[in-house]
Every structure is written in structure tokens, then in C-alpha cells.
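work.pdb follows (PDB, C-alpha atoms, pLDDT in the B column):
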ATOM      1  CA  MET A   2      24.372 -19.770 -42.135  1.00 42.00           C
ATOM      2  CA  ARG A   3      20.954 -21.410 -41.917  1.00 44.00           C
ATOM      3  CA  GLU A   4      17.983 -19.502 -43.198  1.00 49.00           C
ATOM      4  CA  VAL A   5      14.879 -19.324 -41.001  1.00 46.00           C
ATOM      5  CA  PRO A   6      11.514 -19.054 -42.778  1.00 47.00           C
ATOM      6  CA  ALA A   7      10.021 -15.584 -42.188  1.00 50.00           C
ATOM      7  CA  ASN A   8       6.708 -16.942 -40.939  1.00 47.00           C
ATOM      8  CA  LEU A   9       8.360 -19.196 -38.359  1.00 44.00           C
ATOM      9  CA  LEU A  10       9.017 -16.295 -36.014  1.00 47.00           C
ATOM     10  CA  SER A  11       5.559 -14.798 -35.818  1.00 46.00           C
ATOM     11  CA  SER A  12       3.502 -15.001 -32.669  1.00 47.00           C
ATOM     12  CA  ARG A  13       0.816 -13.129 -30.818  1.00 56.00           C
ATOM     13  CA  PHE A  14       3.064 -13.377 -27.750  1.00 72.00           C
ATOM     14  CA  MET A  15       5.905 -11.351 -29.214  1.00 79.00           C
ATOM     15  CA  ASN A  16       6.199  -8.036 -30.976  1.00 90.00           C
ATOM     16  CA  ILE A  17       8.402  -7.797 -34.059  1.00 93.00           C
ATOM     17  CA  LEU A  18       9.763  -4.276 -34.396  1.00 94.00           C
ATOM     18  CA  ILE A  19      12.215  -2.231 -36.461  1.00 95.00           C
ATOM     19  CA  GLU A  20      14.853  -0.558 -34.303  1.00 95.00           C
ATOM     20  CA  ASP A  21      17.119   2.277 -35.413  1.00 93.00           C
ATOM     21  CA  ALA A  22      20.618   0.863 -34.873  1.00 92.00           C
ATOM     22  CA  GLU A  23      22.066   4.173 -33.663  1.00 92.00           C
ATOM     23  CA  SER A  24      19.326   5.707 -31.505  1.00 94.00           C
ATOM     24  CA  LEU A  25      17.814   2.357 -30.408  1.00 94.00           C
ATOM     25  CA  LYS A  26      14.340   3.817 -30.987  1.00 95.00           C
ATOM     26  CA  TYR A  27      11.496   1.868 -32.599  1.00 95.00           C
ATOM     27  CA  LEU A  28       9.679   2.785 -35.786  1.00 95.00           C
ATOM     28  CA  THR A  29       6.098   3.889 -35.143  1.00 95.00           C
ATOM     29  CA  GLY A  30       3.049   3.359 -37.313  1.00 91.00           C
ATOM     30  CA  LYS A  31       3.196   7.022 -38.340  1.00 90.00           C
ATOM     31  CA  GLY A  32       6.809   6.830 -39.521  1.00 88.00           C
ATOM     32  CA  GLY A  33       8.350   8.466 -36.453  1.00 93.00           C
ATOM     33  CA  TRP A  34      10.558   6.955 -33.755  1.00 95.00           C
ATOM     34  CA  THR A  35       9.871   6.162 -30.115  1.00 96.00           C
ATOM     35  CA  LYS A  36      11.689   4.712 -27.100  1.00 96.00           C
ATOM     36  CA  SER A  37       8.454   2.977 -26.035  1.00 94.00           C
ATOM     37  CA  VAL A  38       8.089  -0.633 -27.165  1.00 93.00           C
ATOM     38  CA  ALA A  39       4.317  -0.295 -26.774  1.00 91.00           C
ATOM     39  CA  ASP A  40       4.232   2.515 -29.362  1.00 94.00           C
ATOM     40  CA  GLY A  41       6.390   0.733 -31.943  1.00 94.00           C
ATOM     41  CA  ARG A  42       4.882  -0.514 -35.181  1.00 95.00           C
ATOM     42  CA  ARG A  43       4.378  -4.277 -34.968  1.00 94.00           C
ATOM     43  CA  PHE A  44       4.975  -6.621 -37.877  1.00 93.00           C
ATOM     44  CA  ALA A  45       3.479 -10.073 -38.395  1.00 89.00           C
ATOM     45  CA  ALA A  46       6.807 -11.725 -39.230  1.00 90.00           C
ATOM     46  CA  THR A  47      10.520 -10.949 -39.243  1.00 90.00           C
ATOM     47  CA  GLY A  48      10.685 -11.211 -43.033  1.00 90.00           C
ATOM     48  CA  THR A  49       7.906  -8.660 -43.423  1.00 92.00           C
ATOM     49  CA  ALA A  50       9.693  -6.205 -41.118  1.00 93.00           C
ATOM     50  CA  PHE A  51      12.998  -6.704 -42.930  1.00 92.00           C
ATOM     51  CA  GLU A  52      11.487  -6.113 -46.373  1.00 92.00           C
ATOM     52  CA  PHE A  53       9.683  -2.992 -45.116  1.00 92.00           C
ATOM     53  CA  ALA A  54      12.855  -1.592 -43.541  1.00 91.00           C
ATOM     54  CA  LYS A  55      14.920  -2.203 -46.688  1.00 90.00           C
ATOM     55  CA  LYS A  56      12.462  -0.111 -48.729  1.00 88.00           C
ATOM     56  CA  GLU A  57      12.460   2.835 -46.299  1.00 82.00           C
ATOM     57  CA  PRO A  58      15.235   5.454 -46.040  1.00 84.00           C
ATOM     58  CA  ILE A  59      15.996   4.694 -42.388  1.00 84.00           C
ATOM     59  CA  GLY A  60      19.698   3.832 -42.511  1.00 86.00           C
ATOM     60  CA  LYS A  61      21.066   1.065 -40.288  1.00 92.00           C
ATOM     61  CA  PHE A  62      18.420  -0.911 -38.496  1.00 94.00           C
ATOM     62  CA  ASN A  63      17.796  -4.013 -36.420  1.00 93.00           C
ATOM     63  CA  ILE A  64      14.818  -6.349 -36.483  1.00 94.00           C
ATOM     64  CA  VAL A  65      13.996  -7.146 -32.871  1.00 94.00           C
ATOM     65  CA  CYS A  66      11.431  -9.319 -31.181  1.00 92.00           C
ATOM     66  CA  TYR A  67      10.087  -8.199 -27.840  1.00 90.00           C
ATOM     67  CA  ILE A  68       8.397 -10.703 -25.544  1.00 87.00           C
ATOM     68  CA  PRO A  69       6.123  -8.733 -23.189  1.00 85.00           C
ATOM     69  CA  GLU A  70       5.562 -11.579 -20.731  1.00 83.00           C
ATOM     70  CA  THR A  71       9.270 -11.739 -19.847  1.00 86.00           C
ATOM     71  CA  GLU A  72      10.314  -8.258 -21.043  1.00 86.00           C
ATOM     72  CA  GLN A  73      13.005  -9.870 -23.206  1.00 88.00           C
ATOM     73  CA  PHE A  74      14.445  -8.623 -26.478  1.00 87.00           C
ATOM     74  CA  ILE A  75      15.800 -10.899 -29.174  1.00 87.00           C
ATOM     75  CA  ASN A  76      17.866  -9.214 -31.849  1.00 85.00           C
ATOM     76  CA  MET A  77      17.015 -11.032 -35.075  1.00 81.00           C
ATOM     77  CA  HIS A  78      18.837  -9.127 -37.801  1.00 72.00           C
ATOM     78  CA  HIS A  79      21.314  -6.272 -38.272  1.00 70.00           C
ATOM     79  CA  ALA A  80      21.329  -4.320 -41.518  1.00 63.00           C
TER
END

Just give me the structure of the file as C-alpha cells.
Amino acid sequence: MREVPANLLSSRFMNILIEDAESLKYLTGKGGWTKSVADGRRFAATGTAFEFAKKEPIGKFNIVCYIPETEQFINMHHA
């Protein structure tokens, strides 16, 4: 599998979020969970989000990118 540099997938036009794999809620800046994409904690790059999630006791998670202009989700990583 090819490896994508973490900084390649950073953009001001997409939000990189941590999603709980079971509840499909997004991690907030205060450590809680929300169904609202707008309230989810944004990360500058997928690698940054992944490293953060691995250090937190949150169980199974996904790294997702949300593109507000098209309301699309891209699932980047399952862990």
C-alpha cells in the first residue's frame, strides 16, 4: 500500500476530523463527542489527527475529511 505524506491532505477547504467508529460522532475540542461536523475538532493534517487519536483512550476511530462546499466525507483511515 502506498503511503501518503501527512501534509499532502491538508487544506483550508476541508475539515480533518476524528470520528468514533461506533457512534459516528466527531471529537470536539473539549474532548466530548458531537454529531455536528461544525462542532468537531479540526486538525491541520491527517497525520496529526491520527497521532492524536492513537494517544487518546477513544477506542476504534476513523480519520475523516469533510468538504463543506460539497458536503462530502472522505474516510481516510480506520483504526

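Residues matched by the PyMOL selection byres ((chain A and resi 53-68) around 8) in this structure: Phe14, Met15, Asn16, Ile17, Leu18, Ile19, Glu20, Asp21, Ala22, Glu23, Val38, Thr47, Thr49, Ala50, Phe51, Glu52, Pro69, Glu70, Thr71, Glu72, Gln73, Phe74, Ile75, Asn76, Met77, His78, His79 and Ala80 of chain A.
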
Write out, as a CSV table (one decimal), keeping the file's coordinate frame, the residues just selected, with C-alpha atoms.
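The resulting result_37.csv:
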chain,number,residue,atom,x,y,z
A,14,PHE,CA,3.1,-13.4,-27.8
A,15,MET,CA,5.9,-11.4,-29.2
A,16,ASN,CA,6.2,-8.0,-31.0
A,17,ILE,CA,8.4,-7.8,-34.1
A,18,LEU,CA,9.8,-4.3,-34.4
A,19,ILE,CA,12.2,-2.2,-36.5
A,20,GLU,CA,14.9,-0.6,-34.3
A,21,ASP,CA,17.1,2.3,-35.4
A,22,ALA,CA,20.6,0.9,-34.9
A,23,GLU,CA,22.1,4.2,-33.7
A,38,VAL,CA,8.1,-0.6,-27.2
A,47,THR,CA,10.5,-10.9,-39.2
A,49,THR,CA,7.9,-8.7,-43.4
A,50,ALA,CA,9.7,-6.2,-41.1
A,51,PHE,CA,13.0,-6.7,-42.9
A,52,GLU,CA,11.5,-6.1,-46.4
A,69,PRO,CA,6.1,-8.7,-23.2
A,70,GLU,CA,5.6,-11.6,-20.7
A,71,THR,CA,9.3,-11.7,-19.8
A,72,GLU,CA,10.3,-8.3,-21.0
A,73,GLN,CA,13.0,-9.9,-23.2
A,74,PHE,CA,14.4,-8.6,-26.5
A,75,ILE,CA,15.8,-10.9,-29.2
A,76,ASN,CA,17.9,-9.2,-31.8
A,77,MET,CA,17.0,-11.0,-35.1
A,78,HIS,CA,18.8,-9.1,-37.8
A,79,HIS,CA,21.3,-6.3,-38.3
A,80,ALA,CA,21.3,-4.3,-41.5

Query raised in the report: What does the distance from CA of Gly30 (chain A) to CA of Phe44 (chain A) come to in Å, to one decimal?
Result: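 Going from CA of Gly30 (chain A) over to CA of Phe44 (chain A), I get 10.2 Å.
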
Would you kindly translate the PyMOL selection byres ((chain A and resi 36) around 9) into the concrete residues it picks from this file, as a PDB file with C-alpha atoms, in the frame of the given file?
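Wrote expr.pdb, looks like this:
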ATOM      1  CA  SER A  24      19.326   5.707 -31.505  1.00 94.00           C
ATOM      2  CA  LEU A  25      17.814   2.357 -30.408  1.00 94.00           C
ATOM      3  CA  LYS A  26      14.340   3.817 -30.987  1.00 95.00           C
ATOM      4  CA  TYR A  27      11.496   1.868 -32.599  1.00 95.00           C
ATOM      5  CA  TRP A  34      10.558   6.955 -33.755  1.00 95.00           C
ATOM      6  CA  THR A  35       9.871   6.162 -30.115  1.00 96.00           C
ATOM      7  CA  SER A  37       8.454   2.977 -26.035  1.00 94.00           C
ATOM      8  CA  VAL A  38       8.089  -0.633 -27.165  1.00 93.00           C
ATOM      9  CA  ALA A  39       4.317  -0.295 -26.774  1.00 91.00           C
ATOM     10  CA  ASP A  40       4.232   2.515 -29.362  1.00 94.00           C
ATOM     11  CA  GLY A  41       6.390   0.733 -31.943  1.00 94.00           C
TER      12      GLY A  41
END

Quick one: 6 Å padding each side, axis-aligned, all listed atoms of region 38-49 of chain A - centre and edge lengths in Å to one decimal, as lines of an AutoDock Vina configuration file?
center_x = 7.1
center_y = -4.6
center_z = -35.1
size_x = 19.2
size_y = 26.2
size_z = 28.6
